[in-house]
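K.L.:
The file below is query_16.tsv, TSV, C-alpha atoms:
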```tsv
chain	number	residue	atom	x	y	z
A	1	MET	CA	-100.02	181.17	-179.58
A	2	HIS	CA	-98.34	177.73	-179.77
A	3	LYS	CA	-95.04	179.36	-180.71
A	4	ILE	CA	-95.19	181.60	-177.62
A	5	LEU	CA	-95.95	178.62	-175.35
A	6	LYS	CA	-93.19	176.52	-176.93
A	7	GLY	CA	-90.74	179.44	-176.56
A	8	SER	CA	-91.78	179.98	-172.93
A	9	ALA	CA	-91.40	176.27	-172.16
A	10	LEU	CA	-87.97	176.18	-173.77
A	11	ALA	CA	-86.87	179.32	-171.91
A	12	GLY	CA	-88.16	177.86	-168.64
A	13	PHE	CA	-86.29	174.60	-169.27
A	14	VAL	CA	-83.03	176.45	-170.05
A	15	ALA	CA	-83.45	178.55	-166.89
A	16	LEU	CA	-84.08	175.40	-164.81
A	17	VAL	CA	-80.98	173.65	-166.18
A	18	ALA	CA	-78.85	176.76	-165.58
A	19	THR	CA	-80.13	177.06	-162.01
A	20	MET	CA	-79.40	173.39	-161.33
A	21	GLY	CA	-75.89	173.86	-162.69
A	22	ILE	CA	-75.29	176.82	-160.40
A	23	ILE	CA	-76.58	174.89	-157.39
A	24	ALA	CA	-74.50	171.82	-158.25
A	25	ALA	CA	-71.38	173.96	-158.66
A	26	SER	CA	-71.88	175.56	-155.25
A	27	ILE	CA	-72.27	172.28	-153.34
A	28	ASP	CA	-69.17	171.64	-151.25
A	29	ASP	CA	-68.46	167.94	-151.34
A	30	GLU	CA	-66.69	167.10	-148.09
A	31	ARG	CA	-65.27	163.80	-149.33
A	32	PRO	CA	-61.62	163.83	-150.33
A	33	LYS	CA	-60.96	163.82	-154.04
A	34	SER	CA	-59.21	160.80	-155.53
A	35	ASN	CA	-58.08	159.41	-158.87
A	36	VAL	CA	-56.11	162.54	-159.61
A	37	ALA	CA	-54.01	162.17	-162.73
A	38	MET	CA	-50.28	162.42	-162.08
A	39	ARG	CA	-47.75	163.62	-164.60
A	40	ASN	CA	-45.05	161.12	-165.53
A	41	LEU	CA	-41.65	162.28	-164.30
A	42	ASP	CA	-38.51	161.53	-166.28
A	43	LEU	CA	-34.98	161.42	-164.88
A	44	ASP	CA	-34.35	165.15	-165.39
A	45	ASP	CA	-37.64	165.99	-163.65
A	46	GLN	CA	-36.60	163.84	-160.70
A	47	LEU	CA	-33.12	165.39	-160.55
A	48	ASN	CA	-34.59	168.89	-160.51
A	49	LYS	CA	-37.33	168.08	-158.00
A	50	VAL	CA	-35.51	166.63	-154.99
A	51	ASP	CA	-32.75	167.47	-152.55
A	52	HIS	CA	-32.10	163.87	-151.43
A	53	ILE	CA	-30.93	161.05	-153.68
A	54	VAL	CA	-29.68	157.87	-152.03
A	55	VAL	CA	-28.65	154.35	-152.92
A	56	GLY	CA	-29.92	152.02	-150.25
A	57	LEU	CA	-30.62	148.46	-149.23
A	58	VAL	CA	-34.19	147.61	-148.22
A	59	LYS	CA	-33.95	146.15	-144.73
A	60	GLU	CA	-37.64	145.76	-143.89
A	61	VAL	CA	-41.02	146.23	-145.56
A	62	VAL	CA	-43.82	146.82	-143.06
A	63	SER	CA	-47.31	145.64	-144.05
A	64	PRO	CA	-49.63	148.49	-145.04
A	65	TYR	CA	-51.62	149.96	-142.17
A	66	ALA	CA	-54.69	152.19	-142.17
A	67	ASP	CA	-54.22	155.93	-141.86
A	68	PRO	CA	-56.29	156.90	-138.79
A	69	ASN	CA	-56.82	160.41	-140.21
A	70	ALA	CA	-58.26	159.29	-143.56
A	71	HIS	CA	-61.86	160.02	-144.47
A	72	PRO	CA	-63.99	156.95	-143.66
A	73	GLU	CA	-65.38	156.75	-147.20
A	74	VAL	CA	-61.91	156.92	-148.77
A	75	PRO	CA	-59.59	154.74	-146.70
A	76	ARG	CA	-55.90	155.27	-147.18
A	77	TYR	CA	-53.04	153.05	-146.16
A	78	PHE	CA	-49.38	153.66	-145.49
A	79	GLY	CA	-46.55	151.18	-145.73
A	80	ASP	CA	-43.23	151.93	-144.09
A	81	VAL	CA	-39.98	150.72	-145.64
A	82	ILE	CA	-36.76	150.72	-143.61
A	83	VAL	CA	-33.79	151.48	-145.88
A	84	ILE	CA	-30.11	151.24	-144.97
A	85	VAL	CA	-28.44	154.26	-146.59
A	86	GLU	CA	-25.38	153.02	-148.48
A	87	GLU	CA	-24.55	156.14	-150.45
A	88	GLU	CA	-25.89	159.68	-150.57
A	89	LEU	CA	-25.64	161.11	-154.08
A	90	ARG	CA	-27.32	164.40	-153.16
A	91	GLY	CA	-28.14	165.88	-149.78
A	92	SER	CA	-27.53	164.31	-146.41
A	93	THR	CA	-30.14	162.47	-144.40
A	94	GLY	CA	-27.77	162.32	-141.44
A	95	GLU	CA	-28.93	158.76	-140.79
A	96	ASN	CA	-27.65	155.24	-141.46
A	97	GLU	CA	-31.25	154.02	-141.74
A	98	ILE	CA	-34.27	155.95	-142.93
A	99	THR	CA	-38.00	155.25	-143.09
A	100	VAL	CA	-39.65	155.66	-146.46
A	101	ARG	CA	-43.43	156.01	-146.13
A	102	THR	CA	-45.44	154.78	-149.10
A	103	HIS	CA	-49.07	155.57	-149.87
A	104	HIS	CA	-51.71	152.99	-150.71
A	105	HIS	CA	-55.36	153.60	-151.55
A	106	ALA	CA	-56.13	149.97	-150.84
A	107	ARG	CA	-54.23	147.12	-149.28
A	108	GLN	CA	-51.78	146.29	-152.02
A	109	ALA	CA	-48.34	144.80	-152.42
A	110	SER	CA	-45.41	147.11	-151.78
A	111	THR	CA	-43.18	148.22	-154.63
A	112	PHE	CA	-40.25	147.42	-152.33
A	113	THR	CA	-38.75	144.01	-151.61
A	114	GLU	CA	-36.61	143.16	-148.62
A	115	GLY	CA	-32.98	142.72	-149.63
A	116	GLU	CA	-33.18	144.76	-152.84
A	117	ARG	CA	-30.95	147.72	-153.59
A	118	ALA	CA	-32.49	150.82	-155.10
A	119	LEU	CA	-31.80	154.41	-156.06
A	120	LEU	CA	-34.35	156.67	-154.38
A	121	PHE	CA	-35.32	160.25	-155.13
A	122	LEU	CA	-36.63	161.39	-151.74
A	123	ILE	CA	-38.64	164.24	-150.27
A	124	PRO	CA	-38.61	164.68	-146.47
A	125	GLY	CA	-41.99	164.43	-144.74
A	126	GLN	CA	-43.06	167.62	-142.98
A	127	PRO	CA	-44.87	168.02	-139.63
A	128	ASP	CA	-48.01	169.35	-141.33
A	129	SER	CA	-48.01	166.75	-144.13
A	130	VAL	CA	-50.04	163.55	-144.20
A	131	GLU	CA	-46.82	161.54	-143.92
A	132	GLY	CA	-45.53	163.41	-140.89
A	133	GLU	CA	-42.04	164.41	-139.83
A	134	GLY	CA	-39.02	162.13	-139.65
A	135	VAL	CA	-39.83	160.03	-142.71
A	136	TYR	CA	-39.20	160.34	-146.44
A	137	VAL	CA	-41.48	159.82	-149.41
A	138	VAL	CA	-40.43	158.76	-152.88
A	139	SER	CA	-40.75	161.59	-155.39
A	140	GLY	CA	-43.73	161.21	-157.71
A	141	MET	CA	-45.15	158.60	-155.31
A	142	TYR	CA	-43.55	155.59	-156.96
A	143	GLN	CA	-41.72	157.21	-159.88
A	144	GLY	CA	-38.61	158.13	-157.90
A	145	LYS	CA	-37.61	154.53	-157.18
A	146	TYR	CA	-35.23	152.69	-159.48
A	147	ASP	CA	-34.10	149.09	-158.96
A	148	LEU	CA	-30.33	148.61	-158.99
A	149	ASP	CA	-29.02	145.78	-161.19
A	150	GLU	CA	-25.69	145.28	-159.47
A	151	ALA	CA	-24.19	143.01	-162.14
A	152	ALA	CA	-24.59	145.68	-164.83
A	153	ASN	CA	-24.39	148.65	-162.42
A	154	ARG	CA	-27.52	150.05	-164.05
A	155	LEU	CA	-30.82	151.33	-162.78
A	156	ILE	CA	-34.12	149.93	-163.99
A	157	ASP	CA	-37.45	151.68	-163.69
A	158	PRO	CA	-39.65	148.94	-162.17
A	159	LYS	CA	-42.73	150.36	-163.91
A	160	ASP	CA	-41.04	150.53	-167.32
A	161	ASP	CA	-38.12	148.12	-167.69
A	162	GLU	CA	-37.34	149.66	-171.08
A	163	ARG	CA	-36.22	152.77	-169.21
A	164	THR	CA	-32.75	152.10	-167.77
A	165	TYR	CA	-29.82	154.28	-166.79
A	166	GLN	CA	-26.23	153.68	-165.83
A	167	LEU	CA	-25.52	154.71	-162.26
A	168	SER	CA	-22.46	156.57	-163.57
A	169	GLU	CA	-24.79	158.56	-165.88
A	170	ILE	CA	-26.83	159.75	-162.91
A	171	ARG	CA	-23.72	160.59	-160.90
A	172	ALA	CA	-22.43	162.67	-163.86
A	173	LYS	CA	-25.77	164.50	-164.21
A	174	ILE	CA	-25.79	165.32	-160.49
A	175	ALA	CA	-22.18	166.57	-160.67
A	176	ASN	CA	-23.01	168.81	-163.65
A	177	MET	CA	-26.12	170.35	-162.12
A	178	THR	CA	-25.96	173.79	-160.65
A	179	ARG	CA	-28.36	174.36	-157.81
```
Once more with this new file: its structure as structure tokens, please.

P.N.:
Amino acid sequence: MHKILKGSALAGFVALVATMGIIAASIDDERPKSNVAMRNLDLDDQLNKVDHIVVGLVKEVVSPYADPNAHPEVPRYFGDVIVIVEEELRGSTGENEITVRTHHHARQASTFTEGERALLFLIPGQPDSVEGEGVYVVSGMYQGKYDLDEAANRLIDPKDDERTYQLSEIRAKIANMTR
């Protein structure tokens, strides 16, 4: 008799856990998801991903401001960066100055500095995107920005200063690509 009761209790417990799992899986959490892992993009990934590659001078870095459309429990901030387009390596923005919109999940320092020159892999913002139309975003959030060391004419990844490229190397890769 004890074996039957123990078996029934165990079966009841398993059924309860399974039911709770089904209920938990069906709950629709309305909060936006965050902390999504992002794949690291290398130079070839960047070259294949974007239609706009520019060398520009950072004219102005606007302090981050709250996104009015963000979920109240997960605030999000944007920071606009005004860039003077010096050279277009791929695609045409049609502008002498562009706005690059950066994303922040908290008030944090910009990855841009006024007066710096950088190579930017850019994606145009769309009317239905969180960034909106008329701005650009850096590919891979921050991964498509390379600091330009003018003395050596090389590009430095600001997140990994071991990863550097000659600007001529990137120009050659772009010239050899078939799109």

K.L.:
With distances taken over only C-alpha atoms, which residue among A:Ile84, A:Val135, A:Ala152, A:Val130 lies nearest Ala70 of chain A?

P.N.:
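Checking each candidate against Ala70 of chain A, we get A:Val130 as the closest.
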
K.L.:
For a quick check of understanding, using all atoms listed in the file, which of A:Tyr136, A:Tyr65, A:Tyr146, A:Tyr77 has the smallest distance to Ile170 of chain A?

P.N.:
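So, comparing all the options, the nearest one is A:Tyr146.
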
K.L.:
For a quick check of understanding, using only C-alpha atoms, which of A:Lys159, A:Leu148, A:Gly132, A:Ser139 has the smallest distance to Gln46 of chain A?

P.N.:
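Closest to Gln46 of chain A, using only C-alpha atoms: A:Ser139.
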
K.L.:
Can you work out the spacing between atom CA of Pro64 of chain A and atom CA of Phe78 of chain A in Å, to one decimal?

P.N.:
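Value for the atom CA of Pro64 of chain A-atom CA of Phe78 of chain A distance: 5.2 Å.
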
K.L.:
Which residues, written as JSON, numbers by chain, have at least one atom at most 12 Å from Gly115 of chain A, with only C-alpha atoms counted and residues fewer than 2 positions away on the same chain left out?

P.N.:
{"A": [56, 57, 58, 59, 60, 61, 81, 82, 83, 84, 112, 113, 117, 118, 147, 148]}

K.L.:
Calculate how many Å separate atom CA of Gly91 of chain A from atom CA of Val50 of chain A, rounding to one decimal.

P.N.:
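That distance, rounded to one decimal, is 9.1 Å.
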
K.L.:
Point out the residue among A:Val74, A:Val54, A:Leu122, A:Glu116 with the least atom-to-atom distance to Glu86 of chain A, counting all atoms listed in the file.

P.N.:
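The answer is A:Val54, which sits nearest to Glu86 of chain A.
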
K.L.:
Between atom CA of Ser92 of chain A and atom CA of Asp51 of chain A, what distance in Å does the model show, to one decimal?

P.N.:
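Between these atoms lies a distance of 8.7 Å.
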
K.L.:
Nearest to Arg163 of chain A: which of A:Asp42, A:Glu97, A:Glu131, A:Glu88 is it, counting all atoms listed in the file?

P.N.:
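Checking each candidate against Arg163 of chain A, we get A:Asp42 as the closest.
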
K.L.:
Kindly indicate which residue among A:Ile174, A:Ala66, A:Leu155, A:Thr111 lies nearest to His52 of chain A, using all atoms listed in the file for the distances.

P.N.:
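When distances to His52 of chain A are compared using all atoms listed in the file, the smallest one comes from A:Ile174.
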
K.L.:
Can you pull out every residue within 12 Å of Lys173 of chain A, counting all atoms listed in the file, but drop anything in the same chain fewer than 5 positions away, and send it as a ChimeraX atom specification?

P.N.:
/A:43-48,89-90,165-168,178

K.L.:
I'd like the neighbourhood of Phe121 of chain A as an mmCIF file with C-alpha atoms, in the frame of the given file, where a residue qualifies if any of its atoms comes within 6 Å (using only C-alpha atoms), though same-chain residues fewer than 4 positions away should be ignored.

P.N.:
```
data_model
loop_
_atom_site.group_PDB
_atom_site.id
_atom_site.type_symbol
_atom_site.label_atom_id
_atom_site.label_comp_id
_atom_site.auth_asym_id
_atom_site.auth_seq_id
_atom_site.Cartn_x
_atom_site.Cartn_y
_atom_site.Cartn_z
ATOM 1 C CA ILE A 53 -30.930 161.050 -153.680
ATOM 2 C CA VAL A 138 -40.430 158.760 -152.880
ATOM 3 C CA SER A 139 -40.750 161.590 -155.390
ATOM 4 C CA GLY A 144 -38.610 158.130 -157.900
#
```
